[in-house]
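The structure appears right after this line, and notes come after that.
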Amino acid sequence: MLTQVPMPVHRPSTNGAVTPDVAMDIDSKAASSMIGDVGTGSRLQRGDTRTAVIIYGPGQENIVSIFADVLGKPFRLADSFQGVLTTEQELVLGISADSARISMNTRDRKAVVAINAHNVDLGMPPDTYLSAHCDYEFLYTDTRFSRRDLARFIAFTLGQISHHETLMAKPRTFFISTTFPDVRAALPNIELLTVGCDAVELRVDLLKEPLRDGAFAQIPSLSYVGEQIMLLRQRTELPIIYTTRCTTENGRFPMDDPNLFYEYLYRAIQWGVEYIDVEVWLPEDIRRKLFENRGNSHIMSAFHDFSGTFKWPSAYAQSVFVESCKYAHIVKMIAIINDHNDNFELEYFRSKMRAEYPESPPFSGLNMGETGQISRTFNKVFTPITHPLLPIIAAPGQMSAAEINAALASLGQLPKSSIYGITTSSSRIQVPHAPFYEKCFNELGLPHQFAVVERQMKGPLSVEAWCNQRTFGGASLNPAASFTSLMHNSIFFAKLNNGTGPTITEAVRMIGMVDTIVVQPKPASSPGSAPSSIPSSPHRRSESLSSSPNNAYRFPASSSLLFDNASWRGILSTLTRDLAPSAYFGRTAVVLASHADDAASAMYALKALRVGKVYTVGFKTPLALARSFKVEPFNSLESLQRARAMGDDAGPFVLISALGPEKSTLVGMLVRLFGGARGSSSQIRKVFLDLADGPRKGDPGAIAEQCGFAAYGVDDTTAFTTAETVRLLVGQNVPYSFCRSPIFEVETHTLEHLSGRHMSMSPA
Ligand SMILES: O=C1C[C@@](O)(C(=O)O)C[C@@H](O)[C@@H]1O
């Protein structure tokens with residue numbers, strides 16, 4: 001029988017070949033300065049600082065330069081692993097597969113991380129020796145999707161990003177259990193399928209690999225699975241959960257050889273899959289080995305009981321929990337139940353485990369079948385969901401995100417609220433987009449309403465008036481408002497939190513600009529939380545957006561507000577879409593803006609990326625941000641020439657313009673100037689981001705591309721910012737591509753125009 005065990009000690013992660021103490025050399029200074037959330041909300045770290053050696057196939061040298069580009073480093077081809085030292089770190093090295101096969105085992109694992117890059121178009125599987133002995137394996141195709149996949153793969157495997165902590169801090173997380181025999185069938189609908197999801201599960205055991213004779217393989221080969229993972233990852237930015245569910249737990253993976261599980265699961269670690277589902281029945285040495293060799297992947301321990309006799313209050317249930325904790329970052333326990341009461345027993349189990357094992361990993365506990373469905377609304381950690389577009393549900397009783405949210409709404413757990421896009425008369429054609437939000441709410445089964453409204457400085461149409469409503473559910477401000485202007489003369493904001501004012505994030509403190517207002521429960525510890533107006537009640541929160549003014553409808557005293565800034569995250573995500581965060585580390589940037597407020601979000605994003613120096617043009621850097629890096633204003637032609645003459649290390653690597661479209665000629669000139677900079681090598685591709693919105697003369701982005709920059713525009717940052725805003729306002733994840741889809745761009749403008757969506761209504 002299972003016995004009481006200590007909770008796992010989370011040591012530095014390694015993967016196979018790497019010795020524990022050097023494995024993921026996470027710089028402690030870096031770890032403590034993790035401030036950024038990238039993309040789906042992952043944190044930035046310095047990560048593994050060993051030299052990346054890319055093993056390339058015949059005629060595939062090009063992949064080495066792409067790795068180097070993603071890492072923002074130059075590259076060199078080498079003959080062998082022998083003699084590769086830590087001093088090479090500033091280079092990416094390439095070694096041909098033939099040479100690597102000979103010298104692989106001689107590599108100094110403290111100095112080198114070996115990545116086997118295999119072009120799937122050349123045939124599968126990759127060289128089996130190299131697959132087995134490399135640290136990581138990157139499978140790619142010659143498509144445009146590969147680059148983004150590579151950026152994510154390398155940032156994750158080198159320990160620069162991690163989604164886990166951010167996901168676990170979310171009040172609720174969902175993952176979709178895809179049940180396709182071939183993920184290709186999911187790809188056309190991947191955006192819709194993943195709205196509201198925090199991760200995507202690939203049920204490896206449900207994949208059906210076609211054989212030449214028309215039959216299907218009993219279990220899909222690693223080669224088939226690798227390709228499926230690659231295809232999925234090329235099309236979603238969400239973390240992947242890799243599951244080989246066994247036959248007695250409603251899966252198809254055979255149980256006679258536990259080593260087969262090790263082989264498949266360890267390979268997923270090498271592929272850089274974020275979450276690895278490890279069943280708790282597997283022999284302990286296999287679970288331990290996987291945990292020790294997990295690289296940067298997180299382990300989800302899984303237990304399913306289909307006997308129909310499982311009891312949550314039993315000693316057995318507790319012992320399973322304790323055993324699961326040994327080698328896991330998340331513990332999942334799921335059982336078939338017969339009695340509705342078992343749902344309440346599960347809730348008791350959940351709180352008992354939290355109380356008795358406070359250090360235990362987050363717990364995902366569910367009951368299966370129709371009787372257990374309510375537990376899927378109670379569970380908050382990685383609740384598995386299905387979608388009407390999936391061929392089958394992955395487990396009895398599974399619900400979609402919309403069904404779960406609808407159930408929560410009917411239980412009073414998700415009160416209907418009014419969410420606003422607060423704009424100004426001068427920014428009518430910009431975001432936010434009411435039909436887009438409505439589409440999100442529909443897809444997600446959220447009861448909220450969204451309206452675009454205009455703000456005025458004071459009076460009944462001021463930001464505070466829109467917020468001071470009983471049904472207020474949050475707002476996106478476009479353009480952003482300065483924190484000082486919002487607080488100026490606002491009795492409502494000043495009185496929040498018993499007179500301490502709204503909570504502000506570090507981003508707002510540094511940037512000074514607020515673009516998102518989030519409703520939060522008032523912290524329990526706040527003194528004197530007696531309501532000063534009628535408290536929020538689920539039944540009372542159902543009035544429509546056009547409720548008439550009435551004091552009784554004022555903002556509930558049990559709630560509070562958080563002022564946040566989503567734009568800087570939009571900028572950060574854009575800058576790291578095709579590049580690893582480390583590409584920016586210690587580098588130099590140029591920021592152009594006509595006012596510090598316009599530049600601040602970009603400056604904060606550069607701080608998160610730990611850029612070393614910023615040249616500024618057209619504004620004075622606020623003191624709070626100026627302390628983050630060296631700042632030098634370009635105030636003369638000489639200073640500009642000096643910067644231009646620098647070599648790769650010190651010369652500008654990234655240019656961000658927050659100037660308006662009317663200044664595009666000037667921006668184009670500067671881009672040209674730095675594009676052809678004297679000291680720069682042709683191997684390092686620089687980055688240009690143009691935040692200007694609206695019609696302009698000349699296109700600095702096109703000029704930048706001609707000059708060899710990777711160029712991004714405001715559409716990219718807007719899509720990422722919108723995804724971030726939805727996440728902040730309603731706690732749900734929407735894919736970047738969903739925010740960039742034509743519906744978002746075309747339909748919204750048309751509909752806004754046709755329906756006069758820019759309402760001139762007044763707050764209740
Ligand atoms: O572990 C789980 C949970 C699940 O079994 C469910 O009950 O929803 C569905 C599986 O795909 C997943 O791996």
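By convention in this document, the chains of the structure tokens carry letters A, B, ... by their order, each chain's residues are numbered from 1, and ligands are numbered from 1 in the order they are shown.
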key: Close residues to ligand 1 using only C-alpha atoms and all ligand atoms, limit 6 Å, as a PyMOL selection string   = chain A and resi 177+368+384+394-395+398
Close residues, Tyr348 of chain A itself excluded, 10 Å, only C-alpha atoms, min 5 positions apart in chain, as a list in words =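 Final neighbour list, sorted by chain and number: Trp312, Pro313, Asp342, Asn343, Met353 and Arg354 of chain A.
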request  = If you run DSSP over the backbone, which residues in segment 223-464 of chain A end up alpha helix (DSSP H)? Put them as a PyMOL selection string.
outcome  = chain A and resi 223-235+258-270+284-292+315-325+341-356+373-378+401-410+434-444+463-464
inquiry  = Quick one: residues within 8 Å of segment 203-218 of chain A, only C-alpha atoms, excluding same-chain residues fewer than 6 positions away - as a list in words?
reply    = Ser177, Thr178, Thr179, Phe180, Pro181, Asp182, Tyr224, Val225, Tyr242, Thr243, Thr244, Arg245, Cys246, Gly251, Arg252 and Phe253 of chain A
The selected residues should be written to file as a JSON list (two decimals), in the first residue's frame (atoms: N, CA, C and O atoms).
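To be explicit, this is the file written out as out09.json:
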```json
[["chain", "number", "residue", "atom", "x", "y", "z"],
["A", 177, "SER", "N", -8.98, 18.60, -24.70],
["A", 177, "SER", "CA", -8.47, 17.25, -25.00],
["A", 177, "SER", "C", -8.81, 16.96, -26.45],
["A", 177, "SER", "O", -9.95, 16.62, -26.75],
["A", 178, "THR", "N", -7.84, 17.11, -27.34],
["A", 178, "THR", "CA", -8.14, 16.82, -28.74],
["A", 178, "THR", "C", -8.18, 15.31, -28.93],
["A", 178, "THR", "O", -7.38, 14.58, -28.33],
["A", 179, "THR", "N", -9.13, 14.88, -29.72],
["A", 179, "THR", "CA", -9.29, 13.42, -29.89],
["A", 179, "THR", "C", -9.17, 13.02, -31.36],
["A", 179, "THR", "O", -9.66, 11.97, -31.75],
["A", 180, "PHE", "N", -8.54, 13.87, -32.14],
["A", 180, "PHE", "CA", -8.41, 13.56, -33.58],
["A", 180, "PHE", "C", -7.42, 12.43, -33.80],
["A", 180, "PHE", "O", -6.37, 12.38, -33.16],
["A", 181, "PRO", "N", -7.74, 11.53, -34.75],
["A", 181, "PRO", "CA", -6.77, 10.49, -35.09],
["A", 181, "PRO", "C", -5.55, 11.08, -35.81],
["A", 181, "PRO", "O", -4.49, 10.49, -35.84],
["A", 182, "ASP", "N", -5.74, 12.28, -36.38],
["A", 182, "ASP", "CA", -4.67, 12.98, -37.09],
["A", 182, "ASP", "C", -4.88, 14.47, -36.83],
["A", 182, "ASP", "O", -5.95, 15.00, -37.18],
["A", 224, "TYR", "N", 5.57, 9.25, -36.38],
["A", 224, "TYR", "CA", 4.26, 9.85, -36.64],
["A", 224, "TYR", "C", 3.91, 10.87, -35.54],
["A", 224, "TYR", "O", 3.46, 11.98, -35.82],
["A", 225, "VAL", "N", 4.19, 10.48, -34.30],
["A", 225, "VAL", "CA", 3.85, 11.36, -33.17],
["A", 225, "VAL", "C", 4.65, 12.66, -33.25],
["A", 225, "VAL", "O", 4.11, 13.75, -33.05],
["A", 242, "TYR", "N", 1.05, 16.36, -23.39],
["A", 242, "TYR", "CA", 1.33, 15.16, -24.18],
["A", 242, "TYR", "C", 0.90, 13.95, -23.36],
["A", 242, "TYR", "O", 1.44, 13.71, -22.27],
["A", 243, "THR", "N", -0.08, 13.22, -23.85],
["A", 243, "THR", "CA", -0.68, 12.15, -23.05],
["A", 243, "THR", "C", -0.65, 10.80, -23.76],
["A", 243, "THR", "O", -1.11, 10.70, -24.90],
["A", 244, "THR", "N", -0.13, 9.80, -23.08],
["A", 244, "THR", "CA", -0.20, 8.42, -23.59],
["A", 244, "THR", "C", -1.12, 7.66, -22.61],
["A", 244, "THR", "O", -0.65, 6.98, -21.72],
["A", 245, "ARG", "N", -2.43, 7.84, -22.78],
["A", 245, "ARG", "CA", -3.36, 7.26, -21.81],
["A", 245, "ARG", "C", -3.44, 5.74, -21.99],
["A", 245, "ARG", "O", -3.59, 5.25, -23.11],
["A", 246, "CYS", "N", -3.34, 5.01, -20.88],
["A", 246, "CYS", "CA", -3.27, 3.54, -20.98],
["A", 246, "CYS", "C", -4.67, 2.92, -21.13],
["A", 246, "CYS", "O", -5.69, 3.59, -20.91],
["A", 251, "GLY", "N", -7.85, 4.83, -22.32],
["A", 251, "GLY", "CA", -6.97, 5.16, -23.43],
["A", 251, "GLY", "C", -6.67, 3.94, -24.27],
["A", 251, "GLY", "O", -7.30, 2.90, -24.13],
["A", 252, "ARG", "N", -5.67, 4.09, -25.16],
["A", 252, "ARG", "CA", -5.34, 2.97, -26.06],
["A", 252, "ARG", "C", -3.88, 2.56, -25.96],
["A", 252, "ARG", "O", -3.41, 1.75, -26.75],
["A", 253, "PHE", "N", -3.14, 3.14, -25.02],
["A", 253, "PHE", "CA", -1.72, 2.81, -24.97],
["A", 253, "PHE", "C", -1.53, 1.51, -24.18],
["A", 253, "PHE", "O", -2.00, 1.42, -23.05]]
```
key: Interatomic distance (Å, one decimal) between atom CA of Ala608 of chain A and atom CA of Thr173 of chain A   =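 Result for atom CA of Ala608 of chain A versus atom CA of Thr173 of chain A: 25.0 Å, one decimal.
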task = Based on DSSP run over this structure's backbone, return all residues of segment 203-418 of chain A in strand (DSSP E or B), as an MDAnalysis selection string.
result = chainID A and resid 203 210 216 240:243 246 253 275:279 298:305 330:336 363:368 383:386 400 418
ask   = What is the distance, in Å and to one decimal place, between atom CA of Asn250 of chain A and atom CA of Tyr264 of chain A?
value =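 Value for the atom CA of Asn250 of chain A-atom CA of Tyr264 of chain A distance: 18.3 Å.
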query = Looking at A:Leu659, A:Ser594, A:Ala589, A:Asn497, which one is nearest to Ala557 of chain A, with distances taken over only C-alpha atoms?
reply =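 When distances to Ala557 of chain A are compared using only C-alpha atoms, the smallest one comes from A:Asn497.
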Please list as a compact mmCIF listing (two decimals) with all heavy atoms, in the first residue's frame every residue within 10 Å of segment 661-675 of chain A, counting only C-alpha atoms and excluding residues in the same chain fewer than 4 positions away.
```
# COMPACT_ATOMS: atom_id res chain seq x y z
N VAL A 590 16.84 51.61 -30.13
CA VAL A 590 16.55 53.02 -30.43
C VAL A 590 15.04 53.17 -30.31
O VAL A 590 14.30 52.36 -30.87
CB VAL A 590 16.98 53.40 -31.87
CG1 VAL A 590 16.62 54.85 -32.16
CG2 VAL A 590 18.47 53.17 -32.07
N LEU A 592 11.85 55.92 -30.76
CA LEU A 592 11.45 57.23 -31.27
C LEU A 592 10.02 57.52 -30.82
O LEU A 592 9.14 56.66 -30.96
CB LEU A 592 11.44 57.25 -32.81
CG LEU A 592 12.51 56.49 -33.58
CD1 LEU A 592 12.14 56.39 -35.04
CD2 LEU A 592 13.80 57.26 -33.44
N ALA A 593 9.80 58.69 -30.28
CA ALA A 593 8.43 59.08 -29.89
C ALA A 593 8.42 60.58 -29.71
O ALA A 593 9.45 61.19 -29.46
CB ALA A 593 8.03 58.40 -28.59
N SER A 594 7.22 61.18 -29.83
CA SER A 594 7.21 62.63 -29.61
C SER A 594 6.84 62.96 -28.17
O SER A 594 6.87 64.11 -27.78
CB SER A 594 6.31 63.34 -30.62
OG SER A 594 5.17 62.61 -30.83
N LEU A 640 24.50 60.34 -33.17
CA LEU A 640 23.89 59.37 -34.07
C LEU A 640 24.96 58.61 -34.86
O LEU A 640 24.92 57.39 -34.99
CB LEU A 640 23.02 60.17 -35.03
CG LEU A 640 21.77 59.50 -35.52
CD1 LEU A 640 20.59 60.42 -35.23
CD2 LEU A 640 21.87 59.28 -37.00
N GLN A 641 25.94 59.36 -35.35
CA GLN A 641 27.02 58.73 -36.12
C GLN A 641 27.81 57.76 -35.27
O GLN A 641 28.19 56.67 -35.72
CB GLN A 641 27.99 59.80 -36.68
CG GLN A 641 27.39 60.69 -37.74
CD GLN A 641 26.99 59.91 -38.99
OE1 GLN A 641 27.14 58.70 -39.06
NE2 GLN A 641 26.45 60.60 -39.98
N ALA A 643 26.72 56.01 -32.71
CA ALA A 643 25.94 54.78 -32.51
C ALA A 643 25.98 53.91 -33.77
O ALA A 643 26.05 52.69 -33.71
CB ALA A 643 24.50 55.13 -32.19
N ARG A 644 25.98 54.59 -34.90
CA ARG A 644 25.95 53.90 -36.18
C ARG A 644 27.25 53.13 -36.44
O ARG A 644 27.27 52.10 -37.11
CB ARG A 644 25.75 54.95 -37.27
CG ARG A 644 24.99 54.41 -38.41
CD ARG A 644 24.73 55.45 -39.44
NE ARG A 644 24.59 54.73 -40.69
CZ ARG A 644 25.40 54.83 -41.70
NH1 ARG A 644 26.40 55.66 -41.65
NH2 ARG A 644 25.20 54.09 -42.78
N ALA A 645 28.32 53.69 -35.90
CA ALA A 645 29.62 53.10 -36.17
C ALA A 645 29.95 51.91 -35.27
O ALA A 645 30.94 51.22 -35.45
CB ALA A 645 30.70 54.17 -36.01
N GLY A 651 26.01 48.26 -31.20
CA GLY A 651 25.17 49.01 -32.13
C GLY A 651 23.71 48.66 -31.95
O GLY A 651 23.37 47.63 -31.39
N PRO A 652 22.80 49.54 -32.41
CA PRO A 652 21.38 49.28 -32.22
C PRO A 652 20.92 47.96 -32.87
O PRO A 652 21.24 47.69 -34.03
CB PRO A 652 20.72 50.48 -32.89
CG PRO A 652 21.74 51.55 -32.82
CD PRO A 652 23.06 50.86 -32.97
N PHE A 653 20.22 47.16 -32.11
CA PHE A 653 19.71 45.87 -32.58
C PHE A 653 18.21 45.97 -32.85
O PHE A 653 17.68 45.32 -33.72
CB PHE A 653 19.98 44.81 -31.49
CG PHE A 653 19.35 43.48 -31.76
CD1 PHE A 653 19.84 42.67 -32.78
CD2 PHE A 653 18.26 43.02 -31.02
CE1 PHE A 653 19.26 41.43 -33.05
CE2 PHE A 653 17.68 41.79 -31.27
CZ PHE A 653 18.19 40.99 -32.29
N VAL A 654 17.54 46.81 -32.06
CA VAL A 654 16.09 46.93 -32.24
C VAL A 654 15.69 48.41 -32.28
O VAL A 654 16.16 49.21 -31.47
CB VAL A 654 15.32 46.13 -31.15
CG1 VAL A 654 15.84 46.40 -29.76
CG2 VAL A 654 13.82 46.40 -31.19
N LEU A 655 14.84 48.72 -33.24
CA LEU A 655 14.34 50.09 -33.39
C LEU A 655 12.84 50.08 -33.20
O LEU A 655 12.13 49.31 -33.87
CB LEU A 655 14.59 50.55 -34.84
CG LEU A 655 15.68 51.57 -35.08
CD1 LEU A 655 17.00 50.84 -35.25
CD2 LEU A 655 15.36 52.35 -36.33
N ILE A 656 12.34 50.91 -32.30
CA ILE A 656 10.89 50.98 -32.12
C ILE A 656 10.46 52.42 -32.33
O ILE A 656 11.00 53.34 -31.71
CB ILE A 656 10.47 50.52 -30.70
CG1 ILE A 656 10.99 49.12 -30.41
CG2 ILE A 656 8.95 50.57 -30.56
CD1 ILE A 656 10.61 48.57 -29.05
N SER A 657 9.49 52.61 -33.21
CA SER A 657 8.98 53.96 -33.42
C SER A 657 7.56 54.07 -32.89
O SER A 657 6.68 53.32 -33.30
CB SER A 657 9.00 54.31 -34.90
OG SER A 657 8.28 55.52 -35.08
N GLY A 679 29.24 49.09 -38.56
CA GLY A 679 29.86 47.98 -37.83
C GLY A 679 29.08 46.68 -37.83
O GLY A 679 29.52 45.68 -37.28
N SER A 680 27.89 46.67 -38.43
CA SER A 680 27.05 45.48 -38.24
C SER A 680 27.35 44.38 -39.26
O SER A 680 27.68 44.66 -40.41
CB SER A 680 25.58 45.87 -38.31
OG SER A 680 25.32 46.41 -39.57
N ARG A 685 20.21 39.75 -37.93
CA ARG A 685 19.07 40.50 -38.47
C ARG A 685 18.48 41.35 -37.36
O ARG A 685 18.14 40.85 -36.29
CB ARG A 685 18.02 39.52 -39.00
CG ARG A 685 17.04 40.20 -39.93
CD ARG A 685 16.49 39.21 -40.91
NE ARG A 685 15.74 38.17 -40.21
CZ ARG A 685 14.44 37.97 -40.39
NH1 ARG A 685 13.78 38.72 -41.23
NH2 ARG A 685 13.83 37.02 -39.75
N LYS A 686 18.36 42.64 -37.63
CA LYS A 686 17.82 43.55 -36.61
C LYS A 686 16.30 43.57 -36.67
O LYS A 686 15.71 43.04 -37.62
CB LYS A 686 18.36 44.96 -36.86
CG LYS A 686 19.86 45.02 -36.74
CD LYS A 686 20.34 46.37 -37.16
CE LYS A 686 21.84 46.37 -37.23
NZ LYS A 686 22.34 47.59 -37.84
N VAL A 687 15.73 44.23 -35.68
CA VAL A 687 14.27 44.22 -35.55
C VAL A 687 13.74 45.64 -35.61
O VAL A 687 14.31 46.54 -34.97
CB VAL A 687 13.89 43.58 -34.19
CG1 VAL A 687 12.38 43.60 -33.99
CG2 VAL A 687 14.42 42.15 -34.12
N PHE A 688 12.65 45.81 -36.35
CA PHE A 688 12.01 47.12 -36.39
C PHE A 688 10.53 46.97 -36.05
O PHE A 688 9.85 46.10 -36.58
CB PHE A 688 12.16 47.74 -37.79
CG PHE A 688 11.35 48.98 -37.97
CD1 PHE A 688 11.64 50.14 -37.23
CD2 PHE A 688 10.28 49.02 -38.86
CE1 PHE A 688 10.88 51.29 -37.38
CE2 PHE A 688 9.52 50.18 -39.02
CZ PHE A 688 9.82 51.32 -38.27
N ASP A 690 7.05 49.30 -35.82
CA ASP A 690 6.41 50.59 -36.08
C ASP A 690 5.04 50.60 -35.39
O ASP A 690 4.15 49.83 -35.77
CB ASP A 690 6.26 50.78 -37.59
CG ASP A 690 5.77 52.17 -37.95
OD1 ASP A 690 5.57 52.98 -37.01
OD2 ASP A 690 5.58 52.45 -39.15
N LEU A 691 4.89 51.46 -34.39
CA LEU A 691 3.63 51.49 -33.65
C LEU A 691 2.64 52.50 -34.22
O LEU A 691 1.56 52.70 -33.67
CB LEU A 691 3.89 51.80 -32.17
CG LEU A 691 4.75 50.76 -31.42
CD1 LEU A 691 5.14 51.25 -30.04
CD2 LEU A 691 4.00 49.43 -31.30
N ALA A 692 3.01 53.13 -35.34
CA ALA A 692 2.11 54.12 -35.92
C ALA A 692 0.87 53.46 -36.49
O ALA A 692 0.94 52.39 -37.07
CB ALA A 692 2.85 54.89 -37.02
N ASP A 693 -0.24 54.13 -36.32
CA ASP A 693 -1.51 53.60 -36.81
C ASP A 693 -2.11 54.62 -37.77
O ASP A 693 -2.11 55.80 -37.48
CB ASP A 693 -2.44 53.41 -35.59
CG ASP A 693 -3.58 52.46 -35.91
OD1 ASP A 693 -3.62 51.95 -37.04
OD2 ASP A 693 -4.41 52.23 -35.03
N GLY A 694 -2.67 54.15 -38.87
CA GLY A 694 -3.36 55.06 -39.78
C GLY A 694 -2.58 55.32 -41.05
O GLY A 694 -1.44 54.89 -41.20
N PRO A 695 -3.21 56.05 -41.98
CA PRO A 695 -2.59 56.27 -43.30
C PRO A 695 -1.32 57.11 -43.18
O PRO A 695 -1.22 57.98 -42.32
CB PRO A 695 -3.67 57.05 -44.07
CG PRO A 695 -4.68 57.48 -43.07
CD PRO A 695 -4.50 56.70 -41.82
N ARG A 696 -0.36 56.77 -44.01
CA ARG A 696 0.92 57.49 -43.92
C ARG A 696 1.57 57.58 -45.30
O ARG A 696 1.20 56.84 -46.21
CB ARG A 696 1.86 56.76 -42.98
CG ARG A 696 2.35 55.43 -43.57
CD ARG A 696 2.80 54.50 -42.53
NE ARG A 696 1.67 53.99 -41.77
CZ ARG A 696 1.77 53.09 -40.80
NH1 ARG A 696 2.93 52.65 -40.43
NH2 ARG A 696 0.70 52.63 -40.19
N LYS A 697 2.53 58.48 -45.36
CA LYS A 697 3.32 58.61 -46.60
C LYS A 697 4.54 57.72 -46.43
O LYS A 697 5.25 57.85 -45.43
CB LYS A 697 3.78 60.05 -46.77
CG LYS A 697 2.82 60.88 -47.58
CD LYS A 697 3.57 62.04 -48.23
CE LYS A 697 2.84 63.33 -47.93
NZ LYS A 697 3.57 64.31 -47.17
N GLY A 698 4.75 56.82 -47.35
CA GLY A 698 5.92 55.94 -47.23
C GLY A 698 5.66 54.88 -46.19
O GLY A 698 4.80 55.03 -45.32
N ASP A 699 6.37 53.78 -46.29
CA ASP A 699 6.14 52.70 -45.35
C ASP A 699 7.46 52.30 -44.70
O ASP A 699 8.26 51.55 -45.28
CB ASP A 699 5.52 51.51 -46.12
CG ASP A 699 5.24 50.35 -45.19
OD1 ASP A 699 5.54 50.46 -43.98
OD2 ASP A 699 4.71 49.33 -45.67
N PRO A 700 7.70 52.79 -43.50
CA PRO A 700 8.98 52.47 -42.85
C PRO A 700 9.19 50.97 -42.70
O PRO A 700 10.33 50.49 -42.74
CB PRO A 700 8.86 53.14 -41.48
CG PRO A 700 7.77 54.14 -41.59
CD PRO A 700 6.86 53.66 -42.67
N GLY A 701 8.10 50.21 -42.53
CA GLY A 701 8.21 48.75 -42.39
C GLY A 701 8.83 48.13 -43.64
O GLY A 701 9.71 47.28 -43.56
N ALA A 702 8.35 48.59 -44.81
CA ALA A 702 8.87 48.04 -46.07
C ALA A 702 10.34 48.44 -46.23
O ALA A 702 11.18 47.63 -46.65
CB ALA A 702 8.04 48.56 -47.24
N ILE A 703 10.66 49.69 -45.86
CA ILE A 703 12.07 50.13 -45.94
C ILE A 703 12.93 49.24 -45.04
O ILE A 703 14.01 48.79 -45.41
CB ILE A 703 12.20 51.62 -45.51
CG1 ILE A 703 11.40 52.49 -46.48
CG2 ILE A 703 13.66 52.04 -45.45
CD1 ILE A 703 11.32 53.96 -46.08
N ALA A 704 12.40 49.00 -43.83
CA ALA A 704 13.16 48.19 -42.87
C ALA A 704 13.44 46.80 -43.46
O ALA A 704 14.55 46.28 -43.35
CB ALA A 704 12.38 48.07 -41.57
N GLU A 705 12.41 46.22 -44.09
CA GLU A 705 12.64 44.88 -44.66
C GLU A 705 13.69 44.93 -45.76
O GLU A 705 14.54 44.04 -45.84
CB GLU A 705 11.32 44.29 -45.15
CG GLU A 705 10.65 43.54 -44.02
CD GLU A 705 9.24 43.09 -44.29
OE1 GLU A 705 8.75 43.29 -45.41
OE2 GLU A 705 8.64 42.53 -43.35
N GLN A 706 13.62 45.98 -46.58
CA GLN A 706 14.65 46.11 -47.63
C GLN A 706 16.05 46.22 -47.02
O GLN A 706 17.03 45.78 -47.60
CB GLN A 706 14.42 47.37 -48.48
CG GLN A 706 13.29 47.25 -49.47
CD GLN A 706 12.77 48.64 -49.87
OE1 GLN A 706 13.42 49.66 -49.63
NE2 GLN A 706 11.59 48.65 -50.46
N CYS A 707 16.11 46.84 -45.85
CA CYS A 707 17.42 47.02 -45.19
C CYS A 707 17.80 45.80 -44.35
O CYS A 707 18.74 45.88 -43.55
CB CYS A 707 17.41 48.25 -44.31
SG CYS A 707 17.17 49.77 -45.20
N GLY A 708 17.03 44.75 -44.45
CA GLY A 708 17.41 43.52 -43.76
C GLY A 708 16.88 43.39 -42.33
O GLY A 708 17.32 42.52 -41.58
N PHE A 709 15.96 44.25 -41.96
CA PHE A 709 15.35 44.11 -40.63
C PHE A 709 14.21 43.09 -40.68
O PHE A 709 13.60 42.90 -41.73
CB PHE A 709 14.68 45.43 -40.20
CG PHE A 709 15.61 46.51 -39.75
CD1 PHE A 709 16.28 47.32 -40.67
CD2 PHE A 709 15.79 46.76 -38.41
CE1 PHE A 709 17.10 48.35 -40.25
CE2 PHE A 709 16.61 47.79 -37.98
CZ PHE A 709 17.27 48.58 -38.90
```
query = If we count only C-alpha atoms, what is near Arg184 of chain A at a cut-off of 10 Å, once residues fewer than 5 positions away on the same chain are taken out, given as a count of residues only?
reply = 5
inquiry  = What's around Lys289 of chain A at 12 Å? Count only C-alpha atoms, leave out sequence neighbours fewer than 3 positions away in its own chain, and write the answer as a PyMOL selection string.
reply    = chain A and resi 13-17+259+261-263+265-266+269+278+282-286+292-295+299+326-328
task = Might you pull out every residue within 9 Å of Phe378 of chain A, with only C-alpha atoms counted and same-chain residues fewer than 4 positions away left off, and present them as an MDAnalysis selection string?
result = chainID A and resid 347 366 374 408
Write the selection just made, keeping N, CA, C and O atoms, as a CSV table (one decimal), in the first residue's frame?
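Okay, this is what ended up in result.csv:
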```
chain,number,residue,atom,x,y,z
A,347,GLU,N,-14.9,17.7,-3.1
A,347,GLU,CA,-14.5,19.1,-2.7
A,347,GLU,C,-13.9,19.0,-1.3
A,347,GLU,O,-13.0,19.8,-1.0
A,366,LEU,N,-11.5,15.6,-10.5
A,366,LEU,CA,-12.7,15.6,-11.2
A,366,LEU,C,-13.4,14.3,-11.0
A,366,LEU,O,-12.8,13.3,-10.8
A,374,ILE,N,-20.8,18.4,-12.4
A,374,ILE,CA,-20.7,19.6,-11.5
A,374,ILE,C,-19.2,19.8,-11.0
A,374,ILE,O,-18.8,20.9,-10.9
A,408,LEU,N,-21.5,27.8,-14.6
A,408,LEU,CA,-21.0,28.8,-13.5
A,408,LEU,C,-22.0,30.0,-13.4
A,408,LEU,O,-22.3,30.4,-12.3
```
task = Find the residue from A:Ala580, A:Ile404, A:Met104, A:Ile219 that sits nearest to Gly196 of chain A; use only C-alpha atoms when measuring.
result =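 For Gly196 of chain A, the nearest of the candidates is A:Ile404.
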task = Work out how far apart atom CA of Asp98 of chain A and atom CA of Ile115 of chain A are and give it in Å to one decimal.
result =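 These atoms are spaced 14.2 Å apart.
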